[in-house]
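> Got a structure for you, questions after.
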Protein chains: 2
Amino acid sequence: MPRDLAYDLLVFAQRNPKPCPVLDVTDPGVARSALFDGDLRTDLPAYRVYRDGELVDEVTDVRELWRPDLVAVLLGCSFTFEDALLTAGVPVRHLEVGRNVPMYRTSISCRPAGNLRGPLVVTMRPVPAAKVATAARVTARYPAVHGAPVHVGDPAAIGIHDLDAPDYGDPVPVHSGEVPVFWACGVTPQAAIQASRPPFALSHAPGYMAITDARDTNYLVPYEE
Amino acid sequence: MPRDLAYDLLVFAQRNPKPCPVLDVTDPGVARSALFDGDLRTDLPAYRVYRDGELVDEVTDVRELWRPDLVAVLLGCSFTFEDALLTAGVPVRHLEVGRNVPMYRTSISCRPAGNLRGPLVVTMRPVPAAKVATAARVTARYPAVHGAPVHVGDPAAIGIHDLDAPDYGDPVPVHSGEVPVFWACGVTPQAAIQASRPPFALSHAPGYMAITDARDTNYLVPYEE
């Protein structure tokens, strides 16, 4: 976002740390981060372009749209804790079926900041009932990549009326004996951009994040070396 | 700080999370925080006033200096984890002797952000050698109040040449068999203000923080309810 709008985004992130765990903020015009060995304008798999809050394009290169006043805010992603879930014996359905994770706008409002307001966006992973506690415990130790679930069970209670129609990503099957478990999602700022309509913003396309060389365990708390 | 300078402070905090764990950011002109049951202009024990980076006053009320463009950034304080240290059997010397904690500017540079740059400031607590590991383990679980130590042992290695002459707070005795243990300190932004010379800033006086009603355990990670 332009630096003059990014202040609101940083305060929004501080007030909504579960969906917006900030891992890095670049200087204006700088498309590189110490976290990421590449060019933030070309090396993400896909980008979305927002003008006045409208999604106007999805592209794989934003060099032509880049401006000297843009700062990049890098957020943690829940894909990071999926290896820890698998290690703990918790299945990850969207990996099993080779799809993007399903993401939903909820009826939970984020705390606004300046001109930025909008709903909490969540990812959903179906978890066998006996493993929900493990999923909560394991992911709680990764607050920088969204941490513990924000909701377990009834989707309607958080305003999700059809699990088969996610707002972003792909639907996945929920098997008998499984509970839908919802984690805060880094697409939340995009929902805030759509709701708040700032003049211009770029983002990753949901599910098409920057992949860094940082170890998952760097984000484990308390970090045990 | 004025909102137009606070952007740099928020990025500085993101880049230096150990000294600058942000717990809340108020809206411009708002001297109240959901974290703190009081008026941020009157209910801290003491304030410092900086103009062009110079400490020009220490007062107990900043209502006359308050401006509609000021935002307050609330940082966690290591005093919060001292109860956990005591519970774990780690003595806390400055409490024993009824003094403020000693704080020192170090030779460690913070990562700059915009126009803000400066040295890391640390608190020091002498810890019996056999309890240093416990002190590290206990405090690591409180990253929002500065977390694990940044340095253990030789003060000169981080540019501290006289433990008896702290830059802020009071000196405390270090007994035989004890090791000086250093934690990142929330006075770091004040050292950055002194080094970077923004036109105007208010802060708490070192050791004279806002005291909230939040439970220490709210800042424990992973949080076990």
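A note on labels: chains of the structure tokens are A, B, ... as shown, every chain counts residues from 1, and ligands are counted from 1 in their shown order.
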Could you pull out the strand (DSSP E) residues of segment 6-199 of chain B, going by DSSP on the backbone, and write them as an MDAnalysis selection string?
chainID B and resid 22:25 47:51 54:59 73:75 103:109 119:128 151:152 178:184
> Find the residues of chain A in contact range of chain B, meaning any atom within 12 Å when counting only C-alpha atoms, and list them as a ChimeraX atom specification.
/A:3-17,21-28,33-35,71-75,111-115,136-144,147-148,220-225
> Measure the distance from atom CA of Asp69 of chain A to atom CA of Arg197 of chain A in Å and round it to one decimal.
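So the answer is 18.4 Å.
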> Would you list the contacts of Glu82 of chain B as a ChimeraX atom specification, taking every protein, DNA or RNA residue within 9 Å and counting only C-alpha atoms, but skipping same-chain residues closer than 4 positions in sequence?
/B:78,86-87,90-92,139
> Could you write out, as a count of residues only, all the residues of segment 27-206 of chain A that DSSP marks as helix (DSSP H, G or I)?
42
> Could you list, as a list in words, every residue within 10 Å of Arg93 of chain A, counting only C-alpha atoms and ignoring same-chain residues fewer than 3 positions away?
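Result of the neighbour search: Val90, Glu96, Val97, Gly98, Arg99, Asn100, Val101, Met124, Arg125, Pro126, Val127, Val172, Pro173, Val174 and His175 of chain A.
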> List the neighbours of Ala210 of chain A out to 8 Å using only C-alpha atoms; skip same-chain residues closer than 6 positions along the sequence, and give me the result as number ranges by chain.
A: 36, 40, 43-45, 204
> What would the file look like if the residues just selected were written as a PDB file, in the first residue's frame with N, CA and C atoms?

```
ATOM      1  N   PHE A  36      12.861 -12.626   2.561  1.00  0.00           N
ATOM      2  CA  PHE A  36      12.417 -13.226   1.303  1.00  0.00           C
ATOM      3  C   PHE A  36      13.491 -13.025   0.255  1.00  0.00           C
ATOM      4  N   LEU A  40       9.769  -8.816  -4.496  1.00  0.00           N
ATOM      5  CA  LEU A  40       8.367  -8.936  -4.064  1.00  0.00           C
ATOM      6  C   LEU A  40       7.389  -8.551  -5.187  1.00  0.00           C
ATOM      7  N   ASP A  43       8.036 -12.334  -7.633  1.00  0.00           N
ATOM      8  CA  ASP A  43       8.328 -13.693  -7.188  1.00  0.00           C
ATOM      9  C   ASP A  43       7.257 -14.303  -6.286  1.00  0.00           C
ATOM     10  N   LEU A  44       6.097 -13.663  -6.196  1.00  0.00           N
ATOM     11  CA  LEU A  44       4.942 -14.342  -5.618  1.00  0.00           C
ATOM     12  C   LEU A  44       4.222 -15.059  -6.770  1.00  0.00           C
ATOM     13  N   PRO A  45       3.506 -16.134  -6.465  1.00  0.00           N
ATOM     14  CA  PRO A  45       2.850 -16.865  -7.566  1.00  0.00           C
ATOM     15  C   PRO A  45       1.742 -16.044  -8.242  1.00  0.00           C
ATOM     16  N   HIS A 204      -1.063 -10.292  -2.342  1.00  0.00           N
ATOM     17  CA  HIS A 204      -0.967 -11.638  -2.913  1.00  0.00           C
ATOM     18  C   HIS A 204      -2.376 -12.104  -3.276  1.00  0.00           C
TER      19      HIS A 204
END
```
> Check the smallest atom-to-atom distance from each of B:Thr217, B:Gln190, B:Val121, B:Pro199 to Arg48 of chain B using only C-alpha atoms, then report the winner.
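Closest to Arg48 of chain B, using only C-alpha atoms: B:Gln190.
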> Can you tell me which residues surround Asp216 of chain B at a distance of at most 8 Å, considering only C-alpha atoms, apart from same-chain residues fewer than 3 positions away, and format the answer as a PyMOL selection string?
chain B and resi 80-81+219-220
